[in-house]
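K.L.:
File name model-v3.txt; file contents compact mmCIF, C-alpha atoms; full text below.
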# COMPACT_ATOMS: atom_id res chain seq x y z
CA MET A 1 -55.29 6.50 -8.88
CA THR A 2 -56.89 4.36 -6.18
CA ASP A 3 -55.68 1.01 -7.52
CA SER A 4 -52.30 2.27 -8.64
CA LEU A 5 -51.46 3.55 -5.16
CA LEU A 6 -51.03 -0.01 -3.91
CA GLU A 7 -48.80 -0.82 -6.87
CA ASP A 8 -46.78 2.34 -6.33
CA LEU A 9 -46.29 1.44 -2.67
CA ARG A 10 -45.03 -2.02 -3.61
CA ASP A 11 -42.56 -0.36 -5.97
CA LEU A 12 -41.02 1.33 -2.92
CA ALA A 13 -39.69 -2.05 -1.74
CA GLU A 14 -36.13 -1.79 -3.00
CA PRO A 15 -34.16 -5.04 -2.79
CA ALA A 16 -31.23 -5.16 -0.36
CA PRO A 17 -27.78 -4.33 -1.74
CA ALA A 18 -25.78 -7.44 -2.54
CA THR A 19 -23.32 -6.43 0.17
CA LEU A 20 -25.79 -6.78 3.06
CA ALA A 21 -24.92 -10.41 3.88
CA GLU A 22 -21.19 -9.72 4.01
CA ARG A 23 -21.82 -6.63 6.13
CA VAL A 24 -23.47 -8.91 8.70
CA VAL A 25 -21.55 -12.18 8.44
CA ASP A 26 -17.75 -12.07 8.75
CA SER A 27 -15.51 -14.76 7.32
CA TRP A 28 -12.39 -16.49 8.59
CA VAL A 29 -9.28 -17.95 6.96
CA GLN A 30 -6.28 -19.86 8.23
CA VAL A 31 -3.13 -18.98 6.27
CA PRO A 32 0.64 -19.27 6.74
CA GLY A 33 2.40 -16.39 8.50
CA PRO A 34 6.04 -15.68 9.39
CA LEU A 35 5.78 -17.63 12.67
CA GLY A 36 3.43 -20.39 11.56
CA ASP A 37 -0.25 -20.25 10.65
CA VAL A 38 -2.44 -17.30 11.54
CA TYR A 39 -6.22 -17.01 11.79
CA ALA A 40 -7.79 -13.92 10.26
CA VAL A 41 -11.37 -12.68 10.51
CA VAL A 42 -12.47 -10.51 7.61
CA GLY A 43 -15.49 -8.21 7.45
CA ALA A 44 -16.95 -6.33 4.51
CA ARG A 45 -14.51 -3.45 5.00
CA GLY A 46 -11.35 -5.43 5.65
CA VAL A 47 -9.44 -7.60 8.12
CA ARG A 48 -10.89 -7.15 11.60
CA LEU A 49 -8.74 -9.54 13.60
CA LEU A 50 -5.56 -11.55 13.09
CA ARG A 51 -4.01 -13.94 15.59
CA PRO A 52 -1.14 -16.45 15.40
CA ALA A 53 -2.70 -19.91 15.64
CA ALA A 54 -0.08 -20.99 18.18
CA TYR A 55 -1.15 -18.13 20.43
CA ALA A 56 -4.91 -18.28 19.84
CA GLY A 57 -5.24 -22.04 20.30
CA GLU A 58 -7.77 -24.31 18.59
CA LEU A 59 -9.65 -22.80 15.68
CA GLY A 60 -13.01 -23.59 17.30
CA THR A 61 -12.03 -21.82 20.51
CA PHE A 62 -10.73 -18.83 18.58
CA LEU A 63 -13.95 -18.50 16.54
CA GLU A 64 -16.22 -18.95 19.55
CA ASP A 65 -14.23 -16.31 21.40
CA TYR A 66 -14.61 -13.97 18.43
CA ARG A 67 -18.38 -14.51 18.30
CA ALA A 68 -18.74 -13.94 22.02
CA ARG A 69 -16.51 -10.87 22.18
CA HIS A 70 -17.74 -9.13 19.04
CA GLY A 71 -21.26 -10.54 18.81
CA ARG A 72 -20.83 -11.22 15.11
CA PRO A 73 -21.38 -14.39 13.09
CA VAL A 74 -18.33 -15.74 11.26
CA ARG A 75 -18.19 -18.31 8.46
CA PRO A 76 -15.36 -19.89 6.45
CA ALA A 77 -14.12 -17.61 3.65
CA ALA A 78 -13.97 -18.84 0.09
CA ARG A 79 -10.48 -17.32 -0.25
CA PRO A 80 -8.14 -15.03 1.68
CA PRO A 81 -8.76 -11.30 1.20
CA ARG A 82 -6.64 -9.60 -1.46
CA GLY A 83 -3.24 -8.60 -0.11
CA LEU A 84 -3.23 -10.77 3.01
CA LEU A 85 -0.82 -13.46 1.80
CA PRO A 86 1.74 -11.01 0.27
CA ALA A 87 1.65 -8.92 3.45
CA LEU A 88 2.36 -11.97 5.61
CA ARG A 89 5.26 -12.88 3.28
CA GLY A 90 6.55 -9.32 3.61
CA THR A 91 6.12 -8.62 -0.11
CA GLY A 92 3.10 -6.33 -0.24
CA PRO A 93 1.42 -3.33 1.30
CA GLY A 94 -1.29 -5.44 2.92
CA PRO A 95 -5.05 -5.93 2.80
CA ALA A 96 -7.70 -3.37 3.76
CA LEU A 97 -8.22 -3.25 7.52
CA ASP A 98 -11.45 -2.63 9.41
CA LEU A 99 -10.48 -0.86 12.63
CA ASP A 100 -13.79 0.96 13.10
CA ALA A 101 -14.38 -0.65 16.47
CA LEU A 102 -11.28 1.06 17.92
CA THR A 103 -11.04 4.49 19.54
CA PRO A 104 -9.69 7.36 17.40
CA PHE A 105 -6.52 7.36 19.53
CA ALA A 106 -5.97 3.64 18.95
CA ARG A 107 -6.51 4.08 15.22
CA ASP A 108 -3.95 6.92 15.17
CA VAL A 109 -1.42 4.79 17.06
CA LEU A 110 -1.89 1.90 14.63
CA ALA A 111 -1.67 4.24 11.62
CA VAL A 112 1.67 5.59 12.88
CA THR A 113 2.93 2.07 13.64
CA ALA A 114 1.93 0.89 10.17
CA ARG A 115 4.43 3.37 8.66
CA ILE A 116 7.50 1.93 10.44
CA PRO A 117 9.57 0.30 7.69
CA SER A 118 10.54 -3.36 7.80
CA GLY A 119 13.89 -3.93 9.51
CA GLN A 120 13.57 -0.81 11.68
CA THR A 121 12.35 -0.14 15.20
CA ARG A 122 10.86 2.87 16.96
CA PRO A 123 10.42 3.58 20.67
CA TYR A 124 6.94 3.73 22.24
CA GLY A 125 7.55 7.40 22.99
CA TRP A 126 8.22 8.06 19.29
CA VAL A 127 4.86 6.50 18.36
CA ALA A 128 3.13 8.59 21.04
CA ARG A 129 4.66 11.78 19.69
CA GLU A 130 3.90 10.94 16.04
CA ALA A 131 0.29 10.12 17.01
CA GLY A 132 0.01 13.63 18.46
CA HIS A 133 0.01 12.60 22.13
CA PRO A 134 3.67 12.78 23.25
CA ARG A 135 2.86 12.05 26.90
CA ALA A 136 0.66 9.01 26.21
CA VAL A 137 3.58 6.56 26.07
CA ARG A 138 1.94 4.03 28.38
CA ALA A 139 -1.36 4.28 26.52
CA VAL A 140 0.51 3.50 23.28
CA GLY A 141 1.84 0.35 24.94
CA THR A 142 -1.70 -0.63 25.91
CA VAL A 143 -3.04 -0.06 22.39
CA LEU A 144 -0.24 -2.08 20.80
CA ALA A 145 -0.60 -4.91 23.33
CA ARG A 146 -4.22 -5.21 22.09
CA ASN A 147 -3.42 -4.69 18.42
CA PRO A 148 -6.23 -6.55 16.61
CA VAL A 149 -4.06 -7.00 13.50
CA PRO A 150 -0.44 -7.75 14.50
CA LEU A 151 1.95 -8.44 11.57
CA LEU A 152 -0.34 -6.36 9.31
CA VAL A 153 0.24 -3.40 11.64
CA PRO A 154 3.81 -4.23 12.72
CA CYS A 155 3.62 -3.54 16.44
CA HIS A 156 6.67 -5.82 16.84
CA ARG A 157 8.75 -2.90 15.49
CA VAL A 158 7.89 -0.74 18.51
CA VAL A 159 10.45 -1.20 21.30
CA ARG A 160 11.24 0.31 24.67
CA GLY A 161 12.91 3.68 24.90
CA ASP A 162 15.94 2.19 26.65
CA GLY A 163 16.64 -0.09 23.68
CA ASP A 164 15.13 -3.22 25.20
CA VAL A 165 12.90 -5.18 22.80
CA GLY A 166 10.03 -5.11 25.29
CA GLN A 167 6.85 -7.15 25.39
CA TYR A 168 4.74 -8.64 22.61
CA LEU A 169 1.22 -9.96 22.28
CA SER A 170 2.32 -13.56 21.70
CA GLY A 171 5.50 -13.29 23.79
CA ARG A 172 8.88 -11.64 23.67
CA ALA A 173 10.48 -14.56 21.80
CA ASP A 174 8.13 -14.00 18.84
CA LYS A 175 9.04 -10.31 18.76
CA VAL A 176 12.76 -11.12 18.72
CA ALA A 177 12.24 -13.71 15.96
CA LEU A 178 10.21 -11.30 13.81
CA LEU A 179 12.78 -8.51 14.15
CA GLU A 180 15.68 -10.88 13.39
CA ASP A 181 13.81 -12.16 10.31
CA GLU A 182 13.62 -8.58 9.09
CA GLY A 183 17.37 -8.15 9.56
CA VAL A 184 17.37 -6.03 12.73
CA ASP A 185 20.78 -6.41 14.41
CA LEU A 186 19.56 -6.88 17.99
CA PRO A 187 23.00 -7.49 19.61
CA ARG A 188 24.26 -4.25 18.07
CA LEU A 189 21.21 -2.37 19.37
CA ALA A 190 21.82 -3.89 22.81
CA GLU A 191 25.41 -2.58 22.70
CA PHE A 192 24.19 0.91 21.85
CA ALA A 193 21.61 0.72 24.63
CA ALA A 194 24.18 -0.47 27.17
CA ALA A 195 26.41 2.46 26.21
CA GLY A 196 23.52 4.88 26.67
CA THR A 197 23.46 5.65 22.95
CA ARG A 198 19.94 6.41 21.72
CA LEU A 199 20.81 8.22 18.49
CA ILE A 200 23.51 7.88 15.83
CA GLY A 201 24.93 10.85 13.92
CA SER A 202 27.24 11.17 10.94
CA ASP A 203 29.88 13.90 11.10
CA THR A 204 29.98 14.07 7.29
CA THR A 205 26.27 14.97 6.94
CA GLY A 206 25.62 16.48 10.36
CA ILE A 207 22.41 14.42 10.56
CA VAL A 208 21.34 12.32 13.54
CA CYS A 209 19.12 9.22 13.26
CA LEU A 210 17.51 6.47 15.27
CA PRO A 211 19.95 3.50 15.26
CA THR A 212 17.84 1.31 12.92
CA CYS A 213 17.18 4.06 10.35
CA HIS A 214 18.50 2.97 6.95
CA HIS A 215 20.56 6.20 6.83
CA ALA A 216 22.18 5.40 10.20
CA ARG A 217 23.12 1.91 9.09
CA ARG A 218 25.21 3.33 6.26
CA ILE A 219 27.39 5.47 8.54
CA THR A 220 30.91 4.05 8.77
CA THR A 221 32.50 3.58 12.17
CA ALA A 222 35.01 6.38 11.62
CA HIS A 223 32.25 8.96 11.08
CA ARG A 224 29.74 7.62 13.60
CA HIS A 225 28.92 9.52 16.77
CA GLY A 226 26.48 8.33 19.42
CA PHE A 227 24.21 10.64 21.43
CA PRO A 228 22.09 9.97 24.50
CA SER A 229 19.40 12.47 23.46
CA LEU A 230 18.29 14.72 20.62
CA ASP A 231 19.10 17.79 22.72
CA ARG A 232 22.71 16.68 23.06
CA ALA A 233 22.93 15.97 19.32
CA ARG A 234 21.49 19.40 18.53
CA ALA A 235 23.93 21.04 20.93
CA ALA A 236 26.72 19.34 18.96
CA GLY A 237 25.38 20.91 15.75
CA TYR A 238 23.41 17.95 14.34
CA ARG A 239 19.93 18.09 12.89
CA PRO A 240 17.36 15.25 13.12
CA CYS A 241 16.87 12.95 10.11
CA ARG A 242 13.73 13.73 8.11
CA ASP A 243 13.02 10.04 7.48
CA CYS A 244 13.18 8.51 10.95
CA ARG A 245 12.31 11.76 12.80
CA PRO A 246 14.17 10.96 16.05
CA MET B 1 -34.26 -19.19 -0.72
CA ALA B 2 -35.18 -21.35 2.20
CA ASP B 3 -38.48 -21.33 4.05
CA ASP B 4 -38.56 -20.54 7.74
CA GLU B 5 -38.87 -24.21 8.73
CA GLN B 6 -35.58 -24.99 6.94
CA LEU B 7 -33.99 -21.85 8.32
CA ARG B 8 -34.87 -22.75 11.90
CA THR B 9 -33.44 -26.24 11.42
CA ALA B 10 -30.26 -24.74 9.93
CA LEU B 11 -29.96 -22.29 12.84
CA VAL B 12 -30.23 -25.05 15.41
CA GLU B 13 -27.63 -27.14 13.54
CA ASP B 14 -25.09 -24.35 12.97
CA LEU B 15 -26.07 -20.90 14.16
CA ASP B 16 -23.64 -18.95 11.97
CA ALA B 17 -24.27 -20.85 8.74
CA GLY B 18 -27.99 -20.76 9.44
CA PHE B 19 -27.83 -17.06 10.17
CA GLU B 20 -26.18 -16.32 6.85
CA ALA B 21 -29.10 -18.10 5.18
CA VAL B 22 -31.50 -15.98 7.28
CA VAL B 23 -29.82 -12.79 6.03
CA ARG B 24 -29.99 -13.97 2.43
CA THR B 25 -33.65 -14.99 2.73
CA HIS B 26 -35.00 -12.05 4.74
CA GLY B 27 -32.46 -9.38 3.74
CA ASP B 28 -34.71 -7.82 1.09
CA VAL B 29 -37.71 -7.39 3.41
CA VAL B 30 -35.61 -6.11 6.31
CA HIS B 31 -33.76 -3.71 4.03
CA ALA B 32 -36.97 -2.47 2.35
CA VAL B 33 -38.49 -1.64 5.75
CA ALA B 34 -35.18 -0.09 6.86
CA ARG B 35 -35.20 2.04 3.71
CA ARG B 36 -38.62 3.45 4.67
CA THR B 37 -37.65 3.85 8.34
CA ALA B 38 -34.15 5.35 8.18
CA GLU B 39 -34.14 9.11 7.94
CA ARG B 40 -31.47 9.11 5.26
CA PRO B 41 -31.36 6.63 2.37
CA ALA B 42 -27.64 6.07 2.98
CA ASP B 43 -28.41 4.79 6.48
CA ALA B 44 -30.76 2.00 5.34
CA GLU B 45 -28.09 -0.66 4.83
CA ASP B 46 -26.38 0.27 8.12
CA LEU B 47 -29.69 0.02 9.92
CA ALA B 48 -30.53 -3.33 8.35
CA ALA B 49 -27.05 -4.72 9.16
CA GLU B 50 -27.26 -3.47 12.75
CA ALA B 51 -30.68 -5.07 13.18
CA PHE B 52 -29.41 -8.43 11.88
CA LEU B 53 -26.43 -8.27 14.26
CA ARG B 54 -28.76 -7.58 17.18
CA ALA B 55 -30.89 -10.52 16.11
CA TYR B 56 -27.78 -12.72 15.98
CA ARG B 57 -26.72 -11.60 19.47
CA ALA B 58 -30.16 -12.39 20.83
CA MET B 59 -30.21 -15.79 19.15
CA ARG B 60 -26.86 -16.76 20.68
CA GLY B 61 -28.66 -16.75 24.02
CA TYR B 62 -31.60 -18.85 22.80
CA ASP B 63 -31.83 -22.61 23.19
CA ALA B 64 -32.94 -24.88 20.36
CA ALA B 65 -36.56 -24.99 21.56
CA ARG B 66 -36.82 -21.21 21.50
CA ILE B 67 -35.25 -20.93 18.04
CA GLU B 68 -37.69 -23.56 16.74
CA ARG B 69 -40.59 -21.41 17.95
CA LEU B 70 -39.33 -18.21 16.31
CA ASP B 71 -41.47 -16.64 13.62
CA LEU B 72 -38.43 -15.24 11.86
CA ARG B 73 -39.76 -12.46 9.64
CA PRO B 74 -41.91 -10.58 12.18
CA TRP B 75 -39.23 -11.18 14.85
CA LEU B 76 -36.53 -9.63 12.63
CA LEU B 77 -38.77 -6.69 11.71
CA THR B 78 -39.59 -6.04 15.37
CA ILE B 79 -35.85 -5.89 16.10
CA LEU B 80 -35.35 -3.59 13.11
CA LEU B 81 -37.99 -1.13 14.30
CA ASN B 82 -36.60 -1.18 17.86
CA THR B 83 -33.10 -0.57 16.49
CA ALA B 84 -34.34 2.38 14.46
CA ARG B 85 -36.12 3.80 17.50
CA ASN B 86 -32.99 3.44 19.67
CA ASP B 87 -30.84 5.03 16.96
CA ARG B 88 -33.18 8.01 16.72
CA ARG B 89 -33.22 8.41 20.49
CA ASP B 90 -29.41 8.20 20.66
CA ALA B 91 -29.04 10.64 17.78
CA ALA B 92 -31.33 13.11 19.54
CA ARG B 93 -29.39 12.75 22.77
CA ARG B 94 -25.96 13.46 21.36
CA PRO B 95 -24.97 15.17 18.13
CA ARG B 96 -23.01 13.07 15.68
CA THR B 97 -19.30 13.75 15.74
CA ASP B 98 -18.21 11.17 13.20
CA GLY B 99 -18.68 13.53 10.26
CA ALA B 100 -21.71 11.55 9.11
CA ALA B 101 -24.06 14.41 9.90
CA ASP B 102 -25.08 16.52 6.95
CA PRO B 103 -22.22 18.80 5.94
CA PRO B 104 -23.38 22.41 6.19
CA ASP B 105 -22.58 23.17 2.56
CA ARG B 106 -24.85 20.46 1.21
CA ALA B 107 -28.59 20.26 1.26
CA SER B 108 -30.11 17.59 3.48
CA PRO B 109 -30.75 14.43 1.48
CA ALA B 110 -34.21 14.19 3.03
CA PRO B 111 -36.40 16.13 0.64
CA GLY B 112 -37.73 19.42 1.99
CA PRO B 113 -41.11 20.92 1.07
CA ALA B 114 -39.72 22.70 -1.97
CA GLU B 115 -38.10 19.57 -3.37
CA ARG B 116 -41.24 17.62 -2.63
CA ALA B 117 -43.31 20.02 -4.67
CA GLU B 118 -40.84 19.66 -7.52
CA ALA B 119 -40.44 15.91 -7.28
CA THR B 120 -42.02 14.73 -10.47
CA ASP B 121 -41.32 11.10 -9.89
CA LEU B 122 -44.36 9.62 -8.21
CA GLY B 123 -42.22 7.16 -6.25
CA ASP B 124 -40.17 9.97 -4.67
CA ARG B 125 -43.30 11.93 -3.84
CA LEU B 126 -45.01 8.91 -2.38
CA ALA B 127 -41.92 8.06 -0.29
CA ALA B 128 -41.79 11.61 1.05
CA LEU B 129 -45.47 11.61 1.97
CA LEU B 130 -45.12 8.18 3.54
CA ALA B 131 -42.27 9.47 5.70
CA GLU B 132 -44.58 12.19 7.04
CA LEU B 133 -47.32 9.85 8.27
CA PRO B 134 -47.69 9.29 12.03
CA VAL B 135 -45.32 6.48 12.93
CA ALA B 136 -47.97 3.79 13.62
CA GLN B 137 -49.73 4.46 10.30
CA ARG B 138 -46.48 4.65 8.39
CA THR B 139 -45.19 1.39 9.85
CA ALA B 140 -48.50 -0.34 9.16
CA VAL B 141 -48.53 0.87 5.54
CA VAL B 142 -44.89 -0.12 5.00
CA LEU B 143 -45.41 -3.60 6.44
CA ARG B 144 -48.80 -4.26 4.87
CA HIS B 145 -48.45 -2.56 1.49
CA VAL B 146 -44.75 -1.94 0.70
CA VAL B 147 -43.40 -5.34 1.74
CA ASP B 148 -46.78 -7.07 1.49
CA LEU B 149 -46.95 -8.84 4.86
CA PRO B 150 -50.14 -10.61 5.91
CA VAL B 151 -52.18 -8.66 8.49
CA ALA B 152 -51.33 -11.21 11.21
CA GLU B 153 -47.60 -10.43 10.81
CA VAL B 154 -48.21 -6.69 10.74
CA ALA B 155 -50.11 -7.05 14.01
CA ALA B 156 -47.30 -9.17 15.49
CA VAL B 157 -44.68 -6.54 14.60
CA LEU B 158 -46.82 -3.66 15.86
CA ALA B 159 -47.75 -5.70 18.96
CA CYS B 160 -51.42 -4.91 18.45
CA SER B 161 -54.58 -6.74 17.40
CA GLU B 162 -55.22 -7.53 13.74
CA GLY B 163 -58.14 -5.10 13.80
CA THR B 164 -55.90 -2.28 15.01
CA ALA B 165 -53.22 -3.17 12.44
CA ARG B 166 -55.83 -3.08 9.69
CA SER B 167 -57.15 0.26 10.85
CA HIS B 168 -53.65 1.84 11.06
CA ALA B 169 -52.93 0.66 7.51
CA ALA B 170 -56.30 1.88 6.23
CA ARG B 171 -55.97 5.31 7.82
CA GLY B 172 -52.43 5.60 6.50
CA LEU B 173 -53.57 4.73 2.99
CA ALA B 174 -56.43 7.24 3.19
CA ALA B 175 -54.04 9.97 4.33
CA LEU B 176 -51.66 9.15 1.47
CA ARG B 177 -54.49 9.32 -1.07
CA ALA B 178 -55.67 12.67 0.30
CA ARG B 179 -52.17 14.17 0.30
CA LEU B 180 -51.28 12.82 -3.13
CA THR B 181 -54.33 14.55 -4.56
CA ALA B 182 -53.62 17.74 -2.62
CA SER B 183 -49.99 17.84 -3.75
CA THR B 184 -50.79 17.53 -7.44
CA PRO B 185 -52.92 20.60 -8.13
CA GLY B 186 -54.28 20.70 -11.63
CA GLU B 187 -53.81 16.99 -12.09
CA THR B 188 -56.95 14.91 -12.05
CA SER B 189 -57.13 11.19 -12.39
Output the file's structure in the form of structure tokens.

P.N.:
Amino acid sequence: MTDSLLEDLRDLAEPAPATLAERVVDSWVQVPGPLGDVYAVVGARGVRLLRPAAYAGELGTFLEDYRARHGRPVRPAARPPRGLLPALRGTGPGPALDLDALTPFARDVLAVTARIPSGQTRPYGWVAREAGHPRAVRAVGTVLARNPVPLLVPCHRVVRGDGDVGQYLSGRADKVALLEDEGVDLPRLAEFAAAGTRLIGSDTTGIVCLPTCHHARRITTAHRHGFPSLDRARAAGYRPCRDCRP
Amino acid sequence: MADDEQLRTALVEDLDAGFEAVVRTHGDVVHAVARRTAERPADAEDLAAEAFLRAYRAMRGYDAARIERLDLRPWLLTILLNTARNDRRDAARRPRTDGAADPPDRASPAPGPAERAEATDLGDRLAALLAELPVAQRTAVVLRHVVDLPVAEVAAVLACSEGTARSHAARGLAALRARLTASTPGETS
């Protein structure tokens, strides 16, 4: 027993899992996005940060800023993570994301935002309500302004309650360009907003939608009725759409 | 695998590339000690990763001369043990709310006395007994005998003299021998 104890103790030294190095060292890629190249930093659990290169500046500055802010080493990746390129082309559901560093509220806001379909917009107040905090409209704006993974979580689809496009991480012009690329009819939305119309109803179905909902876009002019609020639509006998949940 | 001289040169040249090499070279030792220090086996990799990240953050503030003087393995293990101590203190101060605490409908993964008595695998039994040693003895045994460090490095990590390190390890071993015999009634070797 006496000699074997030392051997048995040495047997307790289990080797590290192969994943340890990638848990510690993140990797970066530079890939094309809808508005030019983007930088992405990827950890073992998914994409941790994505920034348009034009906004983030030189690669070296971006990486040094990442190291300083997050205190994590970052090395070139052998290849982009699965799903990143299709998501940036708008043809896939997107890569895994690592949002563990965020607060639960911020994660909820991003999860709600991630469900907004391409070509549609939702007001900040809608995101706040869907995230379970209807009064936290301003806080939603703050979370989205700091979205670590824009484009992958489409914060450009969240607009002001009065119909204005609102602000964006890399500037309002980028937000307009992204929405136009997705086929959002911004002049038409501006007309609705100017007329005080927040919701669109169809008198054939009795259903009322947000203006960019794919159901609302099918309503012909003859059957279309605009409403300034859900209460007014309800008073007129309409029920809210189950898809866009106005 | 690179030796520490090459690693230090790599770190000075390119901290991040060098650091990846450090993780690949010293990952096994750091993880093995984390495995014997973490209260739950599932936490060992987290603990090892957290210790490496703390080491990286410290190194970002070091100049080349300081990096060239670093004795990497004992330095990393010192950070690991400090990280484990801080984690335990934090865990004691506030209950976990992230759902990572043991669910009430499942037995704790740390073996209790009953499981220990039943554990037929010598490795499991030894690990459980090791976990019960006073912390200085346990750490000395883990460093000296599980990951096979020279006494000088054990002393550096424990911040004590080599004589004290030796005596912690020896007393730990003696306690393990005594308890192994006591916990296997009817078995003589």

K.L.:
With a cut-off of 6 Å and counting only C-alpha atoms, select all residues of chain A in contact with chain B and give the selection as a VMD selection string.

P.N.:
chain A and resid 9 to 10 13 to 16 21 24 71 73

K.L.:
Between CA of Val74 in chain A and CA of Arg73 in chain B, what is the distance in Å, rounded to a tenth?

P.N.:
21.7 Å

K.L.:
Excluding range 202-213 of chain A and its own-chain neighbours fewer than 5 positions away, which residues fall within 10 Å of it when counting all atoms listed in the file? Please give them as an MDAnalysis selection string.

P.N.:
chainID A and resid 116:117 119:123 163 184:186 188:189 192:193 197 218:227 230 233:234 236:246

K.L.:
Report the distance between CA of Ala136 in chain B and CA of Gly163 in chain B in Å, rounded to one decimal place.

P.N.:
13.5 Å

K.L.:
Here is a test: counting all atoms listed in the file, which residue of A:Ala106, A:Val112, A:Leu99, A:Leu179 is nearest to Ala145 in chain A?

P.N.:
A:Ala106

K.L.:
I'd like the interatomic distance between CA of Val109 in chain A and CA of Gly166 in chain A, to a tenth of an Å.

P.N.:
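For CA of Val109 in chain A relative to CA of Gly166 in chain A, the distance reads 17.2 Å.
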
K.L.:
Name all residues at most 12 Å from Glu58 in chain A (count only C-alpha atoms; drop same-chain ones fewer than 4 positions away) and give them as a PyMOL selection string.

P.N.:
chain A and resi 30+37-39+51-54+62-65
